[in-house]
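K.L.:
I am sharing query-v4.cif, which consists of mmCIF, C-alpha atoms:
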```cif
data_input
loop_
_atom_site.label_atom_id
_atom_site.label_comp_id
_atom_site.auth_asym_id
_atom_site.auth_seq_id
_atom_site.Cartn_x
_atom_site.Cartn_y
_atom_site.Cartn_z
CA MET Y 1 12.39 151.48 211.19
CA ASN Y 2 9.74 150.68 213.82
CA PHE Y 3 10.13 148.85 217.12
CA PHE Y 4 8.40 146.32 219.29
CA GLN Y 5 9.36 147.22 222.85
CA SER Y 6 8.72 146.21 226.44
CA LEU Y 7 10.16 146.94 229.87
CA TYR Y 8 9.73 145.20 233.20
CA THR Y 9 11.14 145.59 236.70
CA ASP Y 10 10.59 143.37 239.75
CA ILE Y 11 11.64 143.69 243.39
CA GLY Y 12 12.61 140.01 243.52
CA ILE Y 13 12.20 137.47 246.32
CA HIS Y 14 14.58 138.90 248.91
CA ARG Y 15 15.03 142.68 248.72
CA LYS Y 16 12.86 145.13 250.68
CA SER Y 17 13.07 147.79 247.99
CA ASN Y 18 13.57 147.97 244.24
CA GLN Y 19 16.69 150.00 243.52
CA ASP Y 20 16.57 149.43 239.75
CA SER Y 21 15.22 152.10 237.42
CA ILE Y 22 14.40 151.64 233.75
CA GLY Y 23 13.31 153.93 230.96
CA LEU Y 24 12.00 153.67 227.41
CA PHE Y 25 11.47 156.86 225.40
CA LYS Y 26 10.25 157.16 221.83
CA ALA Y 27 9.99 159.99 219.31
CA SER Y 28 8.65 160.23 215.76
CA THR Y 29 10.93 162.35 213.56
CA ASP Y 30 11.68 163.08 209.91
CA ARG Y 31 14.44 160.46 210.22
CA GLY Y 32 11.94 157.83 211.33
CA GLU Y 33 11.07 156.45 214.73
CA VAL Y 34 13.76 157.00 217.37
CA LEU Y 35 13.96 154.90 220.53
CA PHE Y 36 16.00 155.47 223.70
CA ALA Y 37 16.25 152.63 226.24
CA LEU Y 38 17.99 152.64 229.65
CA VAL Y 39 18.59 150.30 232.59
CA CYS Y 40 20.15 151.52 235.84
CA ASP Y 41 20.91 149.25 238.82
CA GLY Y 42 21.16 151.34 241.98
CA MET Y 43 23.11 150.48 245.10
CA GLY Y 44 23.50 151.98 248.53
CA GLY Y 45 20.78 150.44 250.64
CA TYR Y 46 17.13 151.33 251.10
CA GLU Y 47 16.11 154.46 249.12
CA ASN Y 48 19.71 155.51 248.36
CA GLY Y 49 20.19 153.14 245.45
CA GLU Y 50 16.76 153.98 244.11
CA LEU Y 51 17.62 157.68 244.30
CA ALA Y 52 20.85 157.21 242.36
CA SER Y 53 19.29 155.15 239.56
CA ARG Y 54 16.24 157.42 239.31
CA ILE Y 55 18.40 160.54 238.97
CA LEU Y 56 20.21 159.00 236.01
CA ILE Y 57 16.97 158.02 234.26
CA GLU Y 58 15.41 161.44 234.82
CA THR Y 59 18.54 163.30 233.67
CA PHE Y 60 18.78 161.32 230.43
CA GLU Y 61 15.02 161.69 229.90
CA ASN Y 62 15.44 165.44 230.14
CA TRP Y 63 18.28 165.29 227.58
CA PHE Y 64 16.14 163.26 225.19
CA LYS Y 65 13.22 165.66 225.41
CA CYS Y 66 15.07 168.96 225.50
CA GLU Y 67 18.45 168.58 223.77
CA PHE Y 68 18.12 165.64 221.40
CA PRO Y 69 15.42 167.28 219.19
CA TYR Y 70 17.95 169.95 218.23
CA PHE Y 71 20.76 167.43 217.97
CA ILE Y 72 19.06 165.05 215.51
CA TYR Y 73 18.32 167.84 212.99
CA ASP Y 74 21.84 169.24 213.14
CA VAL Y 75 23.54 168.70 209.76
CA ASN Y 76 26.74 168.05 211.70
CA PHE Y 77 25.17 165.17 213.62
CA SER Y 78 27.99 162.87 214.70
CA TYR Y 79 28.48 160.11 217.21
CA GLU Y 80 31.50 161.97 218.63
CA GLU Y 81 29.29 164.90 219.62
CA LEU Y 82 26.62 162.53 220.94
CA PHE Y 83 29.10 160.72 223.16
CA LYS Y 84 30.50 164.05 224.32
CA GLN Y 85 27.02 165.09 225.51
CA TRP Y 86 26.44 161.74 227.21
CA GLY Y 87 29.86 161.92 228.86
CA ARG Y 88 28.99 165.33 230.27
CA ILE Y 89 25.74 163.97 231.72
CA ILE Y 90 27.51 160.99 233.29
CA TYR Y 91 30.29 163.10 234.80
CA ASP Y 92 27.80 165.68 236.15
CA CYS Y 93 25.60 163.00 237.71
CA ASN Y 94 28.63 161.29 239.19
CA GLU Y 95 29.84 164.52 240.77
CA LYS Y 96 26.41 165.31 242.22
CA LEU Y 97 25.93 161.81 243.67
CA VAL Y 98 29.43 161.74 245.17
CA GLN Y 99 28.83 165.13 246.80
CA TYR Y 100 25.38 164.05 248.03
CA GLY Y 101 26.90 160.94 249.62
CA MET Y 102 29.62 162.98 251.34
CA ASN Y 103 27.10 165.53 252.65
CA HIS Y 104 24.84 162.82 254.11
CA GLY Y 105 27.48 160.33 255.21
CA ILE Y 106 26.21 157.57 252.90
CA SER Y 107 27.42 155.61 249.90
CA LEU Y 108 25.21 155.38 246.83
CA GLY Y 109 25.61 154.80 243.14
CA SER Y 110 24.21 153.20 240.02
CA THR Y 111 25.17 151.32 236.91
CA LEU Y 112 24.06 152.60 233.51
CA THR Y 113 23.37 150.91 230.20
CA ALA Y 114 21.72 153.15 227.60
CA VAL Y 115 21.06 152.58 223.89
CA LEU Y 116 19.78 155.09 221.33
CA PHE Y 117 18.32 153.75 218.06
CA VAL Y 118 18.44 156.18 215.13
CA GLU Y 119 17.60 154.97 211.61
CA ASN Y 120 19.62 151.73 211.29
CA GLU Y 121 22.29 152.58 213.87
CA TYR Y 122 22.65 152.20 217.62
CA PHE Y 123 24.68 154.32 220.05
CA MET Y 124 25.43 153.02 223.51
CA ALA Y 125 26.77 154.26 226.88
CA HIS Y 126 27.77 151.87 229.64
CA VAL Y 127 29.04 151.92 233.22
CA GLY Y 128 29.09 148.89 235.57
CA ASP Y 129 27.72 145.37 235.15
CA SER Y 130 24.26 145.83 233.72
CA ARG Y 131 24.33 144.45 230.19
CA ALA Y 132 23.25 145.08 226.63
CA LEU Y 133 22.76 141.85 224.67
CA VAL Y 134 21.78 141.22 221.07
CA ILE Y 135 19.76 138.05 220.51
CA THR Y 136 19.89 136.58 217.00
CA PRO Y 137 18.10 133.39 215.85
CA ASP Y 138 21.11 131.26 216.83
CA LYS Y 139 23.34 133.23 219.22
CA VAL Y 140 23.42 135.77 222.06
CA TYR Y 141 26.05 138.48 221.82
CA GLN Y 142 27.11 140.54 224.84
CA MET Y 143 27.61 144.07 223.50
CA THR Y 144 28.91 145.65 226.71
CA ARG Y 145 31.90 144.79 228.90
CA ASP Y 146 31.20 144.11 232.57
CA GLN Y 147 33.22 146.53 234.69
CA SER Y 148 33.44 144.20 237.68
CA VAL Y 149 36.08 142.36 239.68
CA VAL Y 150 35.10 138.88 238.47
CA ALA Y 151 34.80 139.97 234.82
CA GLU Y 152 38.30 141.40 235.01
CA ALA Y 153 39.54 138.16 236.60
CA VAL Y 154 37.99 136.18 233.72
CA ARG Y 155 39.64 138.46 231.16
CA ARG Y 156 43.03 137.90 232.85
CA GLY Y 157 42.49 134.14 232.83
CA GLU Y 158 42.49 133.83 236.63
CA ILE Y 159 39.06 132.19 236.77
CA THR Y 160 36.70 130.63 234.23
CA PRO Y 161 33.31 132.09 233.24
CA GLU Y 162 31.65 129.19 235.09
CA GLN Y 163 33.62 129.97 238.27
CA ALA Y 164 32.64 133.63 237.94
CA LYS Y 165 28.97 132.71 238.33
CA THR Y 166 29.48 131.61 241.94
CA ASP Y 167 32.48 133.75 242.89
CA ARG Y 168 31.87 135.68 246.12
CA ARG Y 169 33.15 138.86 244.45
CA ARG Y 170 30.63 138.83 241.62
CA ASN Y 171 28.79 141.90 242.95
CA MET Y 172 31.93 144.01 243.33
CA LEU Y 173 32.10 146.74 240.67
CA LEU Y 174 35.15 148.49 239.30
CA GLU Y 175 33.06 151.32 237.88
CA CYS Y 176 29.87 152.82 239.30
CA ILE Y 177 28.33 156.27 238.87
CA GLY Y 178 28.29 158.12 242.20
CA VAL Y 179 30.91 156.22 244.19
CA THR Y 180 34.26 157.82 243.34
CA PRO Y 181 35.21 161.17 241.77
CA GLU Y 182 36.79 159.40 238.80
CA ILE Y 183 34.59 157.54 236.32
CA HIS Y 184 35.38 155.74 233.05
CA PRO Y 185 32.25 155.19 230.91
CA LEU Y 186 32.37 153.03 227.81
CA PHE Y 187 30.77 154.03 224.50
CA TYR Y 188 29.81 151.84 221.56
CA LYS Y 189 28.23 152.32 218.15
CA GLY Y 190 27.21 150.12 215.24
CA LYS Y 191 24.46 149.04 212.86
CA TYR Y 192 21.65 146.74 213.90
CA ARG Y 193 19.70 144.16 211.91
CA GLU Y 194 15.96 144.04 211.56
CA ARG Y 195 14.28 141.49 213.86
CA ASP Y 196 17.28 140.99 216.14
CA THR Y 197 16.39 141.61 219.79
CA PHE Y 198 18.26 144.17 221.89
CA LEU Y 199 18.02 143.29 225.58
CA LEU Y 200 19.17 145.69 228.32
CA CYS Y 201 19.15 144.11 231.77
CA SER Y 202 20.41 144.40 235.33
CA ASP Y 203 22.66 141.66 236.70
CA GLY Y 204 19.72 140.25 238.66
CA PHE Y 205 18.09 139.37 235.35
CA TRP Y 206 21.04 137.76 233.54
CA HIS Y 207 22.59 135.75 236.39
CA ASN Y 208 20.46 132.59 236.05
CA LEU Y 209 19.24 132.51 232.44
CA THR Y 210 20.91 130.59 229.62
CA ASP Y 211 21.55 131.77 226.09
CA ASP Y 212 19.25 129.03 224.77
CA GLU Y 213 16.38 130.36 226.93
CA LEU Y 214 16.95 133.92 225.75
CA ILE Y 215 16.92 132.78 222.12
CA ARG Y 216 13.82 130.65 222.61
CA TYR Y 217 11.70 133.25 224.36
CA LEU Y 218 13.08 136.56 223.09
CA GLY Y 219 14.19 135.77 219.56
CA GLY Y 220 12.83 138.78 217.67
CA ARG Y 221 11.63 137.04 214.51
CA GLN Y 222 8.67 135.48 216.32
CA PHE Y 223 7.00 138.72 217.47
CA LYS Y 224 3.99 140.39 215.91
CA GLU Y 225 2.93 142.70 218.77
CA ASN Y 226 4.23 144.35 221.92
CA ARG Y 227 2.10 142.38 224.36
CA GLU Y 228 3.65 139.05 223.36
CA LEU Y 229 7.13 140.47 223.92
CA HIS Y 230 6.00 141.74 227.32
CA MET Y 231 4.59 138.36 228.31
CA ARG Y 232 7.82 136.59 227.45
CA LEU Y 233 9.93 139.14 229.31
CA ASN Y 234 7.69 138.79 232.35
CA TYR Y 235 7.91 135.00 232.11
CA LEU Y 236 11.72 134.99 232.12
CA ILE Y 237 11.77 137.22 235.21
CA GLU Y 238 9.45 134.81 237.03
CA LEU Y 239 11.60 131.88 235.90
CA ASP Y 240 14.68 133.66 237.22
CA LYS Y 241 12.99 134.07 240.61
CA THR Y 242 12.15 130.36 240.83
CA ARG Y 243 15.88 129.69 240.50
CA GLY Y 244 16.60 131.67 243.65
CA GLU Y 245 17.72 135.05 242.30
CA LYS Y 246 17.61 137.44 245.26
CA ASP Y 247 18.45 140.72 243.54
CA ASN Y 248 16.06 143.14 241.86
CA LEU Y 249 15.38 142.11 238.26
CA SER Y 250 14.92 144.58 235.40
CA ALA Y 251 15.01 144.39 231.63
CA VAL Y 252 14.13 146.39 228.52
CA ALA Y 253 13.63 144.53 225.22
CA VAL Y 254 13.60 146.21 221.79
CA VAL Y 255 12.97 144.49 218.44
CA PRO Y 256 13.45 146.64 215.30
CA TYR Y 257 11.17 145.84 212.37
CA ARG Y 258 10.30 147.46 209.08
CA ALA Y 259 6.59 148.31 208.87
CA GLN Y 260 4.69 148.10 205.61
CA VAL Y 261 3.72 151.76 205.10
CA ASP Y 262 2.24 153.65 202.20
CA GLN Y 263 5.03 156.14 201.56
CA ASP Y 264 2.65 158.63 199.92
CA THR Y 265 0.58 158.99 203.07
CA GLU Y 266 3.20 158.46 205.75
CA LYS Y 267 3.47 161.39 208.16
CA TYR Y 268 5.52 161.89 211.28
CA ASP Y 269 4.44 164.01 214.21
CA LYS Y 270 7.44 165.33 216.07
CA THR Y 271 6.25 164.19 219.47
CA VAL Y 272 7.80 162.21 222.28
CA GLU Y 273 6.29 159.23 224.07
CA ASN Y 274 7.93 157.90 227.20
CA THR Y 275 7.65 155.20 229.80
CA SER Y 276 9.88 154.82 232.83
CA ARG Y 277 9.81 152.80 236.03
CA SER Y 278 11.76 153.00 239.24
CA GLY Y 279 11.49 151.50 242.68
CA ALA Y 280 7.84 150.54 243.01
CA VAL Y 281 7.19 147.00 241.90
CA SER Y 282 3.44 147.66 241.85
CA ASP Y 283 3.89 150.11 238.99
CA ARG Y 284 4.89 147.71 236.22
CA THR Y 285 4.33 148.36 232.53
CA GLY Y 286 1.53 146.21 231.20
CA ASP Y 287 -0.29 145.58 234.47
CA THR Y 288 -2.91 148.16 233.52
CA ASN Y 289 -3.60 146.27 230.28
CA PRO Y 290 -3.79 142.58 231.23
CA VAL Y 291 -3.24 140.14 228.41
CA ASN Y 292 -5.84 137.40 228.16
CA ALA Y 293 -3.84 135.06 225.93
CA LEU Y 294 -0.35 133.81 226.65
CA PRO Y 295 2.05 132.89 223.82
CA ASP Y 296 1.57 129.27 222.83
CA ASP Y 297 4.92 127.99 224.11
CA LEU Y 298 4.64 129.46 227.63
CA PRO Y 299 3.53 127.10 230.43
CA ARG Y 300 0.09 128.12 231.63
CA VAL Y 301 -3.09 127.05 233.40
CA ARG Y 302 -6.52 128.66 233.54
CA VAL Y 303 -7.82 129.67 236.97
CA ASP Y 304 -11.31 128.50 237.95
CA ARG Y 305 -13.22 131.56 239.20
CA ASP Y 306 -16.01 129.40 240.73
CA THR Y 307 -13.90 127.97 243.54
CA GLU Y 308 -14.54 129.03 247.11
CA GLU Y 309 -12.56 131.82 248.70
CA GLY Y 310 -9.05 130.62 249.53
CA GLU Y 311 -9.12 127.90 246.85
CA LEU Y 312 -7.09 128.38 243.72
CA PHE Y 313 -7.75 125.42 241.41
CA THR Y 314 -10.61 122.97 241.00
CA GLU Y 315 -9.65 119.36 241.74
CA THR Y 316 -10.79 117.64 238.56
CA PRO Y 317 -9.99 114.08 237.42
CA GLY Y 318 -6.40 113.89 236.21
CA THR Y 319 -5.31 116.97 238.12
CA ASN Y 320 -2.25 116.47 240.31
CA LEU Y 321 -1.98 120.04 241.57
CA THR Y 322 -2.92 120.97 245.14
CA GLN Y 323 -2.96 124.34 246.83
CA SER Y 324 -0.55 125.11 249.65
CA THR Y 325 -1.28 128.73 250.55
CA GLU Y 326 -4.12 131.18 250.24
CA THR Y 327 -3.65 134.18 248.00
CA ASP Y 328 -5.52 136.71 245.97
CA ASP Y 329 -5.06 136.55 242.23
CA SER Y 330 -2.59 139.42 242.05
CA GLU Y 331 0.14 137.69 244.03
CA THR Y 332 2.63 134.90 243.49
CA VAL Y 333 1.68 131.65 245.22
CA ASN Y 334 3.71 128.60 246.22
CA LEU Y 335 2.15 125.36 244.99
CA TYR Y 336 3.09 121.72 245.49
CA VAL Y 337 2.79 119.03 242.86
CA PRO Y 338 3.29 115.33 243.71
CA ARG Y 339 5.57 113.47 241.31
CA ASN Y 340 2.97 110.70 241.12
CA SER Y 341 -0.57 111.54 242.15
CA SER Y 342 -1.39 107.89 242.80
CA ALA Y 343 1.56 107.32 245.16
CA SER Y 344 1.58 108.31 248.81
CA GLY Y 345 4.38 109.78 250.85
CA VAL Y 346 6.19 111.23 247.85
CA LYS Y 347 8.03 114.47 248.53
CA PRO Y 348 6.35 117.23 246.49
CA ASN Y 349 8.04 119.60 244.09
CA GLU Y 350 7.80 123.32 244.67
CA ALA Y 351 6.24 125.35 241.91
CA ILE Y 352 5.43 128.99 241.27
CA ALA Y 353 2.26 130.29 239.62
CA LYS Y 354 1.59 133.85 238.57
CA THR Y 355 -1.59 135.62 237.46
CA ILE Y 356 -1.47 137.45 234.14
CA GLY Y 357 -4.77 138.81 232.91
CA GLY Y 358 -6.87 136.19 234.70
CA ARG Y 359 -4.69 133.20 233.81
CA PHE Y 360 -1.83 131.47 235.56
CA TYR Y 361 1.35 130.15 234.04
CA ILE Y 362 3.50 127.83 236.07
CA MET Y 363 6.91 126.15 236.29
CA ILE Y 364 7.43 122.86 238.17
CA ASP Y 365 11.05 121.83 238.62
CA GLU Y 366 11.61 124.01 235.54
CA LYS Y 367 9.34 121.72 233.51
CA GLU Y 368 6.30 122.96 231.68
CA VAL Y 369 2.75 122.31 232.85
CA ARG Y 370 0.24 122.51 230.04
CA GLU Y 371 -3.40 123.44 229.98
CA SER Y 372 -5.98 120.78 229.18
CA ALA Y 373 -8.50 121.27 226.40
CA ASP Y 374 -11.17 122.60 228.74
CA GLY Y 375 -8.68 124.72 230.67
CA SER Y 376 -9.55 123.18 234.04
CA SER Y 377 -6.94 120.49 234.66
CA LEU Y 378 -3.18 120.14 234.55
CA SER Y 379 -0.78 117.49 233.37
CA ASP Y 380 2.87 117.19 234.32
CA ILE Y 381 5.15 116.76 231.31
#
```
Now that the file is in, can you turn its structure into structure tokens?
P.N.:
Amino acid sequence: MNFFQSLYTDIGIHRKSNQDSIGLFKASTDRGEVLFALVCDGMGGYENGELASRILIETFENWFKCEFPYFIYDVNFSYEELFKQWGRIIYDCNEKLVQYGMNHGISLGSTLTAVLFVENEYFMAHVGDSRALVITPDKVYQMTRDQSVVAEAVRRGEITPEQAKTDRRRNMLLECIGVTPEIHPLFYKGKYRERDTFLLCSDGFWHNLTDDELIRYLGGRQFKENRELHMRLNYLIELDKTRGEKDNLSAVAVVPYRAQVDQDTEKYDKTVENTSRSGAVSDRTGDTNPVNALPDDLPRVRVDRDTEEGELFTETPGTNLTQSTETDDSETVNLYVPRNSSASGVKPNEAIAKTIGGRFYIMIDEKEVRESADGSSLSDI
């Protein structure tokens, strides 16, 4: 099995630091391509939460590079032994973080959601309220159980899932690596289907997105390349921010697919490729390879490079978009769009535009704005 994959982390609209850390590690083996994905949501204030989440990512990365190569070729390979190794890592990291916090008089910790894909099976470790979801063509399945106060209240029937979304206790965790000496990780295993999307995400990502939106933009059967998956993941994070999400936002998306390969010439090099991100929002996967074409169903508008400095869009006939703030083309900009360009005194709608590879896509009141044929004007749907 092969995989389309993408990962993205964003500091969000409120926080001064990004305490999330994410990782995506890949190896080619005699058993096919193996993928290891992780999301960790740190907590403990500036730098402390980032430290906790980064330690978990780096420790599991070391396991994948140093111990897993021996493990996968062991004839006695079993999920029991795998979960035993992961449990040891989690307990060791928890003990070290608890001791570090005591020595420095601070509180720090991190959630963990990790999934290993081997052949047609997945193996998963989970602590906290980050989530692993599986997105099929018609449904979103939550694979992990939130270890939080509000999730437990929902399970006991004390509040409804809708009430949980606005409950003041929604950020209170029952389990977190690094906070208390005792920790209770959850482990899962199963078989996955080709072209279903696995999505690992911090709570900042999943708070404000609907299942229908996840199916529409991340349904795995529509993908033909990594960059389209990355664009859609990026788009959902920006959409989440327009809805007021104040937390850091992080996600890793994985879509298994079966490549058409000539079996007589297929060869596997036993090497490891890896990508990981923590803390710094400027170091996002994909930013070094800008994509010049957005997927067809994403709202977008072409930027006019001939405008004067400080101007963002050319005012052409039919355009009802006006600039509100100066920016360079690597930043997010607030824009204002009148409901009726011919009317005066109408309160404008706030919109967000974002540069991706020299083009902007935009949401206005969560409605799409489409590009005209010449790419220079906008129309409000």
K.L.:
Quick one, how far is CA of Gly178 in chain Y from CA of Leu7 in chain Y?
P.N.:
24.6 Å
K.L.:
Which residues come within 12 Å of Phe83 in chain Y, counting only C-alpha atoms, excluding same-chain residues fewer than 2 positions away, as a PyMOL selection string?
P.N.:
chain Y and resi 71+77-81+85-91+114-116+123-126+185-189
K.L.:
Pick from Y:Thr210, Y:Thr160, Y:Thr113, Y:Asn120: nearest to Arg145 in chain Y, with all atoms listed in the file counted?
P.N.:
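With all atoms listed in the file as the atom set, the closest residue is Y:Thr113.
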K.L.:
Can you list what the PyMOL selection byres ((chain Y and resi 174) around 6) grabs from this structure, as a count of residues only?
P.N.:
4
K.L.:
Using all atoms listed in the file, I'd like a table of the residues in range 94-138 of chain Y that come within 6 Å of range 39-49 of chain Y; for each, show the closest atom pair and its distance in Å rounded to one decimal, ordered by chain and ascending number, as a Markdown table.
P.N.:
```
| residue | atom | partner | partner_atom | distance |
| --- | --- | --- | --- | --- |
| Y:Ser107 | CA | Y:Gly44 | CA | 5.5 |
| Y:Leu108 | CA | Y:Gly44 | CA | 4.2 |
| Y:Gly109 | CA | Y:Met43 | CA | 5.4 |
| Y:Ser110 | CA | Y:Gly42 | CA | 4.1 |
| Y:Thr111 | CA | Y:Asp41 | CA | 5.1 |
| Y:Leu112 | CA | Y:Cys40 | CA | 4.7 |
| Y:Thr113 | CA | Y:Val39 | CA | 5.4 |
```
K.L.:
I need the residue set behind the PyMOL selection byres ((chain Y and resi 198) around 9) for this file; please write it as a list in words.
P.N.:
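Given this file, the PyMOL selection byres ((chain Y and resi 198) around 9) evaluates to Ala132, Leu133, Val134, Ile135, Asp196, Thr197, Leu199, Leu200, Gly220, Val252, Ala253, Val254, Val255 and Pro256 of chain Y.
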K.L.:
Using all atoms listed in the file, pick whichever of Y:Val149, Y:Asn248, Y:Lys139, Y:Phe3 has the shortest atom-to-atom distance to Glu50 in chain Y.
P.N.:
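Going through Y:Val149, Y:Asn248, Y:Lys139, Y:Phe3 one by one, the smallest distance to Glu50 in chain Y is for Y:Asn248.
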K.L.:
What's the 9 Å shell around Pro181 in chain Y, counting all atoms listed in the file, without same-chain residues fewer than 2 positions away, as a PyMOL selection string?
P.N.:
chain Y and resi 91+94-95+98+177-179+183
K.L.:
Separation of CA of Thr166 in chain Y and CA of Glu152 in chain Y, in Å?
P.N.:
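Computed distance, CA of Thr166 in chain Y to CA of Glu152 in chain Y, equals 14.9 Å.
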K.L.:
To one decimal in Å, tell me the separation between CA of Leu218 in chain Y and CA of His230 in chain Y.
P.N.:
9.7 Å
K.L.:
Using all atoms listed in the file, which of Y:Val150, Y:Leu35, Y:Ala164, Y:Ala251 sits nearest Ser6 in chain Y?
P.N.:
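Counting all atoms listed in the file, the residue closest to Ser6 in chain Y is Y:Ala251.
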K.L.:
Exactly which residues make up the result of the PyMOL selection byres ((chain Y and resi 63-69) around 12) on this file, given as a PyMOL selection string?
P.N.:
chain Y and resi 23-31+34-38+56-62+70-74+77+81-82+85-86+88-90+114-116+118+270-274
K.L.:
Nearest to Arg232 in chain Y among Y:Ile55, Y:Ala153, Y:Leu214, Y:Ile11, with distances taken over all atoms listed in the file: which residue is it?
P.N.:
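Among Y:Ile55, Y:Ala153, Y:Leu214, Y:Ile11, it is Y:Leu214 that comes nearest to Arg232 in chain Y.
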K.L.:
For Lys165 in chain Y, which of Y:His184, Y:Lys246, Y:His207, Y:Arg131 is the closest residue, counting only C-alpha atoms?
P.N.:
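Smallest distance to Lys165 in chain Y is found for Y:His207.
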K.L.:
Add whatever atoms are absent from range 217-237 of chain Y to reach N, CA and C atoms, and provide the output as a CSV table (one decimal), in the coordinates of the input.
P.N.:
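Result file rebuild.csv:
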```csv
chain,number,residue,atom,x,y,z
Y,217,TYR,N,12.8,132.4,223.9
Y,217,TYR,CA,11.7,133.2,224.4
Y,217,TYR,C,11.8,134.7,223.9
Y,218,LEU,N,13.0,135.2,223.5
Y,218,LEU,CA,13.1,136.6,223.1
Y,218,LEU,C,13.6,136.7,221.7
Y,219,GLY,N,13.8,135.6,220.9
Y,219,GLY,CA,14.2,135.8,219.6
Y,219,GLY,C,13.2,136.6,218.8
Y,220,GLY,N,13.7,137.7,218.2
Y,220,GLY,CA,12.8,138.8,217.7
Y,220,GLY,C,12.0,138.4,216.5
Y,221,ARG,N,12.4,137.3,215.7
Y,221,ARG,CA,11.6,137.0,214.5
Y,221,ARG,C,10.3,136.4,214.8
Y,222,GLN,N,10.0,136.1,216.0
Y,222,GLN,CA,8.7,135.5,216.3
Y,222,GLN,C,7.6,136.5,216.7
Y,223,PHE,N,7.9,137.8,216.9
Y,223,PHE,CA,7.0,138.7,217.5
Y,223,PHE,C,6.2,139.4,216.4
Y,224,LYS,N,4.9,139.6,216.8
Y,224,LYS,CA,4.0,140.4,215.9
Y,224,LYS,C,3.3,141.5,216.7
Y,225,GLU,N,3.5,141.6,218.0
Y,225,GLU,CA,2.9,142.7,218.8
Y,225,GLU,C,3.7,142.9,220.1
Y,226,ASN,N,3.5,144.0,220.7
Y,226,ASN,CA,4.2,144.4,221.9
Y,226,ASN,C,3.8,143.4,223.1
Y,227,ARG,N,2.6,143.1,223.2
Y,227,ARG,CA,2.1,142.4,224.4
Y,227,ARG,C,2.7,141.0,224.5
Y,228,GLU,N,3.0,140.4,223.3
Y,228,GLU,CA,3.6,139.0,223.4
Y,228,GLU,C,5.1,139.2,223.9
Y,229,LEU,N,5.8,140.2,223.4
Y,229,LEU,CA,7.1,140.5,223.9
Y,229,LEU,C,7.1,140.7,225.4
Y,230,HIS,N,6.1,141.5,225.9
Y,230,HIS,CA,6.0,141.7,227.3
Y,230,HIS,C,5.7,140.5,228.1
Y,231,MET,N,4.9,139.6,227.6
Y,231,MET,CA,4.6,138.4,228.3
Y,231,MET,C,5.8,137.5,228.5
Y,232,ARG,N,6.6,137.4,227.4
Y,232,ARG,CA,7.8,136.6,227.4
Y,232,ARG,C,8.9,137.2,228.4
Y,233,LEU,N,9.0,138.5,228.4
Y,233,LEU,CA,9.9,139.1,229.3
Y,233,LEU,C,9.5,138.9,230.8
Y,234,ASN,N,8.2,139.0,231.0
Y,234,ASN,CA,7.7,138.8,232.4
Y,234,ASN,C,7.9,137.3,232.8
Y,235,TYR,N,7.7,136.4,231.8
Y,235,TYR,CA,7.9,135.0,232.1
Y,235,TYR,C,9.3,134.7,232.5
Y,236,LEU,N,10.3,135.3,231.8
Y,236,LEU,CA,11.7,135.0,232.1
Y,236,LEU,C,12.1,135.5,233.5
Y,237,ILE,N,11.5,136.7,233.9
Y,237,ILE,CA,11.8,137.2,235.2
Y,237,ILE,C,11.2,136.3,236.3
```
